[in-house]
Structure formats: structure tokens, C-alpha cells
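**Q** You'll find query.txt just under this line, and it carries compact mmCIF, C-alpha atoms.
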```txt
# COMPACT_ATOMS: atom_id res chain seq x y z
CA MET A 30 163.00 -78.28 -12.82
CA TYR A 31 161.09 -80.50 -15.24
CA PHE A 32 158.70 -83.25 -14.22
CA PRO A 33 157.40 -85.39 -17.08
CA ARG A 34 153.70 -86.11 -16.84
CA ALA A 35 152.60 -89.71 -16.68
CA GLN A 36 149.51 -90.81 -18.52
CA ARG A 37 146.81 -91.17 -15.89
CA GLY A 38 145.19 -94.20 -17.47
CA LEU A 39 148.42 -96.21 -17.19
CA GLU A 40 149.20 -95.32 -13.57
CA THR A 41 147.88 -97.07 -10.46
CA TRP A 42 146.92 -95.09 -7.37
CA GLU A 43 150.06 -96.32 -5.62
CA GLU A 44 152.23 -95.16 -8.56
CA LEU A 45 150.42 -91.82 -8.61
CA ARG A 46 150.97 -91.37 -4.87
CA ASP A 47 154.63 -92.31 -5.15
CA ARG A 48 155.13 -89.94 -8.07
CA LEU A 49 153.43 -87.06 -6.26
CA VAL A 50 155.51 -87.64 -3.13
CA ALA A 51 158.71 -87.76 -5.21
CA GLU A 52 157.80 -84.56 -7.11
CA THR A 53 156.90 -82.74 -3.89
CA SER A 54 160.13 -83.90 -2.27
CA ALA A 55 162.19 -82.73 -5.25
CA PHE A 56 160.41 -79.35 -5.27
CA LEU A 57 160.93 -78.78 -1.55
CA THR A 58 164.57 -79.89 -1.71
CA GLU A 59 165.24 -77.45 -4.55
CA ALA A 60 163.39 -74.66 -2.73
CA LEU A 61 165.51 -75.23 0.39
CA ARG A 62 168.73 -75.25 -1.68
CA HIS A 63 167.83 -71.94 -3.34
CA PRO A 64 165.78 -69.78 -0.94
CA GLU A 65 166.76 -66.69 -2.95
CA LEU A 66 164.41 -67.88 -5.73
CA ALA A 67 161.36 -67.92 -3.46
CA VAL A 68 158.51 -65.59 -4.30
CA ARG A 69 157.91 -63.27 -1.36
CA ILE A 70 154.23 -62.53 -0.84
CA PRO A 71 153.65 -59.06 0.60
CA MET A 72 151.40 -58.94 3.65
CA ILE A 73 149.38 -56.31 5.47
CA PRO A 74 147.11 -57.27 8.39
CA ALA A 75 143.44 -57.26 7.36
CA GLU A 76 141.51 -54.04 7.96
CA SER A 77 144.64 -52.08 8.89
CA ALA A 78 145.75 -50.75 5.51
CA ARG A 79 145.60 -51.28 1.76
CA PHE A 80 148.27 -52.01 -0.79
CA PRO A 81 148.85 -49.32 -3.40
CA PRO A 82 147.52 -50.35 -6.85
CA SER A 83 151.05 -50.25 -8.26
CA LEU A 84 152.04 -53.14 -5.98
CA THR A 85 149.56 -55.40 -7.75
CA THR A 86 151.44 -55.01 -11.02
CA ALA A 87 154.86 -55.10 -9.37
CA PHE A 88 154.01 -58.39 -7.61
CA TRP A 89 151.95 -60.29 -10.18
CA ASP A 90 153.84 -59.46 -13.39
CA PRO A 91 156.99 -61.41 -12.44
CA VAL A 92 154.92 -64.25 -10.97
CA LEU A 93 152.65 -64.64 -14.00
CA PHE A 94 154.80 -63.54 -16.92
CA ASP A 95 158.44 -64.49 -16.19
```
Here is a file; write its structure as C-alpha cells.
**A**
Amino acid sequence: MYFPRAQRGLETWEELRDRLVAETSAFLTEALRHPELAVRIPMIPAESARFPPSLTTAFWDPVLFD
């Protein structure tokens, strides 16, 4: 999904708000259409366990570098 950036100096607050609402709506609509593309964030309750160091690489590499 590509959202062209508007030049801030040429945009009123109302236009900015409308653009942000439209972009957020488009993002959420696309996310709901394709839930298989969602990034799953692993979770462990605080103070109960620790993630293995290998999980850091396995999680962050696709998020940051793909």
C-alpha cells in the first residue's frame, strides 16, 4: 500500500486530519482483508519466563529487514 506524502506547509489542519483518517481507514481495511499478513508479537507474562535470545533475531529480522 502506498500513501503519497503531502507537503505540510500546503495542508490545513482539517486536510491533515482528513488525510490521516483516510490513511488509517485504508490501513485497517487492508489489515482486516488480509489477517494472514499481520505480524504476530510473541508474549510471555512479565516475571514468569524469558524469551530465548534466538527469538529476538527470529522475530525482528523479518519485521525490520523484509
**Q** By how many Å are CA of Arg69 in chain A and CA of Phe88 in chain A apart?
**A**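 Spanning CA of Arg69 in chain A to CA of Phe88 in chain A is a straight-line distance of 8.8 Å.
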**Q** Could you check how far CA of Leu93 in chain A sits from CA of His63 in chain A, in Å to one decimal?
**A**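 That distance, rounded to one decimal, is 19.9 Å.
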**Q** CA of Leu49 in chain A to CA of Trp89 in chain A: how many Å, to one decimal?
**A** 27.1 Å
**Q** Save range 54-78 of chain A to a file: N, CA and C atoms, as a PDB file, in the first residue's frame.
**A**
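decode12.pdb was written with the following content:
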```pdb
ATOM      1  N   SER A  54      -7.973   4.489   7.906  1.00  0.00           N
ATOM      2  CA  SER A  54      -9.078   3.655   7.450  1.00  0.00           C
ATOM      3  C   SER A  54      -8.615   2.664   6.383  1.00  0.00           C
ATOM      4  N   ALA A  55      -7.833   3.132   5.428  1.00  0.00           N
ATOM      5  CA  ALA A  55      -7.324   2.257   4.366  1.00  0.00           C
ATOM      6  C   ALA A  55      -6.423   1.170   4.948  1.00  0.00           C
ATOM      7  N   PHE A  56      -5.567   1.539   5.909  1.00  0.00           N
ATOM      8  CA  PHE A  56      -4.672   0.567   6.535  1.00  0.00           C
ATOM      9  C   PHE A  56      -5.473  -0.501   7.276  1.00  0.00           C
ATOM     10  N   LEU A  57      -6.448  -0.080   8.081  1.00  0.00           N
ATOM     11  CA  LEU A  57      -7.236  -1.037   8.843  1.00  0.00           C
ATOM     12  C   LEU A  57      -8.081  -1.927   7.929  1.00  0.00           C
ATOM     13  N   THR A  58      -8.636  -1.361   6.874  1.00  0.00           N
ATOM     14  CA  THR A  58      -9.419  -2.150   5.926  1.00  0.00           C
ATOM     15  C   THR A  58      -8.551  -3.224   5.285  1.00  0.00           C
ATOM     16  N   GLU A  59      -7.354  -2.851   4.883  1.00  0.00           N
ATOM     17  CA  GLU A  59      -6.438  -3.813   4.262  1.00  0.00           C
ATOM     18  C   GLU A  59      -6.006  -4.877   5.267  1.00  0.00           C
ATOM     19  N   ALA A  60      -5.759  -4.472   6.507  1.00  0.00           N
ATOM     20  CA  ALA A  60      -5.363  -5.426   7.544  1.00  0.00           C
ATOM     21  C   ALA A  60      -6.488  -6.423   7.820  1.00  0.00           C
ATOM     22  N   LEU A  61      -7.731  -5.964   7.804  1.00  0.00           N
ATOM     23  CA  LEU A  61      -8.856  -6.869   8.029  1.00  0.00           C
ATOM     24  C   LEU A  61      -9.090  -7.788   6.829  1.00  0.00           C
ATOM     25  N   ARG A  62      -8.779  -7.329   5.632  1.00  0.00           N
ATOM     26  CA  ARG A  62      -8.916  -8.180   4.437  1.00  0.00           C
ATOM     27  C   ARG A  62      -7.864  -9.279   4.401  1.00  0.00           C
ATOM     28  N   HIS A  63      -6.686  -8.986   4.962  1.00  0.00           N
ATOM     29  CA  HIS A  63      -5.564  -9.934   4.880  1.00  0.00           C
ATOM     30  C   HIS A  63      -4.957 -10.169   6.268  1.00  0.00           C
ATOM     31  N   PRO A  64      -5.679 -10.835   7.164  1.00  0.00           N
ATOM     32  CA  PRO A  64      -5.142 -11.061   8.510  1.00  0.00           C
ATOM     33  C   PRO A  64      -3.896 -11.952   8.508  1.00  0.00           C
ATOM     34  N   GLU A  65      -3.718 -12.725   7.445  1.00  0.00           N
ATOM     35  CA  GLU A  65      -2.541 -13.599   7.374  1.00  0.00           C
ATOM     36  C   GLU A  65      -1.240 -12.809   7.258  1.00  0.00           C
ATOM     37  N   LEU A  66      -1.320 -11.533   6.900  1.00  0.00           N
ATOM     38  CA  LEU A  66      -0.116 -10.708   6.771  1.00  0.00           C
ATOM     39  C   LEU A  66       0.251  -9.994   8.072  1.00  0.00           C
ATOM     40  N   ALA A  67      -0.562 -10.160   9.098  1.00  0.00           N
ATOM     41  CA  ALA A  67      -0.303  -9.486  10.369  1.00  0.00           C
ATOM     42  C   ALA A  67       0.966 -10.026  11.012  1.00  0.00           C
ATOM     43  N   VAL A  68       1.681  -9.150  11.670  1.00  0.00           N
ATOM     44  CA  VAL A  68       2.871  -9.554  12.418  1.00  0.00           C
ATOM     45  C   VAL A  68       2.412  -9.994  13.800  1.00  0.00           C
ATOM     46  N   ARG A  69       2.691 -11.223  14.149  1.00  0.00           N
ATOM     47  CA  ARG A  69       2.323 -11.746  15.463  1.00  0.00           C
ATOM     48  C   ARG A  69       3.441 -11.414  16.443  1.00  0.00           C
ATOM     49  N   ILE A  70       3.086 -10.784  17.532  1.00  0.00           N
ATOM     50  CA  ILE A  70       4.073 -10.396  18.537  1.00  0.00           C
ATOM     51  C   ILE A  70       4.050 -11.446  19.644  1.00  0.00           C
ATOM     52  N   PRO A  71       5.157 -12.149  19.855  1.00  0.00           N
ATOM     53  CA  PRO A  71       5.186 -13.170  20.897  1.00  0.00           C
ATOM     54  C   PRO A  71       5.035 -12.525  22.277  1.00  0.00           C
ATOM     55  N   MET A  72       4.421 -13.261  23.204  1.00  0.00           N
ATOM     56  CA  MET A  72       4.153 -12.705  24.519  1.00  0.00           C
ATOM     57  C   MET A  72       4.420 -13.747  25.598  1.00  0.00           C
ATOM     58  N   ILE A  73       5.054 -13.311  26.663  1.00  0.00           N
ATOM     59  CA  ILE A  73       5.225 -14.097  27.870  1.00  0.00           C
ATOM     60  C   ILE A  73       4.869 -13.161  29.019  1.00  0.00           C
ATOM     61  N   PRO A  74       4.041 -13.598  29.974  1.00  0.00           N
ATOM     62  CA  PRO A  74       3.722 -12.733  31.108  1.00  0.00           C
ATOM     63  C   PRO A  74       4.990 -12.278  31.835  1.00  0.00           C
ATOM     64  N   ALA A  75       5.000 -11.027  32.256  1.00  0.00           N
ATOM     65  CA  ALA A  75       6.177 -10.453  32.930  1.00  0.00           C
ATOM     66  C   ALA A  75       6.537 -11.274  34.164  1.00  0.00           C
ATOM     67  N   GLU A  76       7.817 -11.400  34.390  1.00  0.00           N
ATOM     68  CA  GLU A  76       8.378 -12.079  35.565  1.00  0.00           C
ATOM     69  C   GLU A  76       8.142 -13.585  35.598  1.00  0.00           C
ATOM     70  N   SER A  77       7.548 -14.167  34.555  1.00  0.00           N
ATOM     71  CA  SER A  77       7.293 -15.602  34.609  1.00  0.00           C
ATOM     72  C   SER A  77       8.315 -16.403  33.805  1.00  0.00           C
ATOM     73  N   ALA A  78       8.906 -15.790  32.808  1.00  0.00           N
ATOM     74  CA  ALA A  78       9.862 -16.503  31.964  1.00  0.00           C
ATOM     75  C   ALA A  78      10.603 -15.494  31.102  1.00  0.00           C
TER      76      ALA A  78
END
```
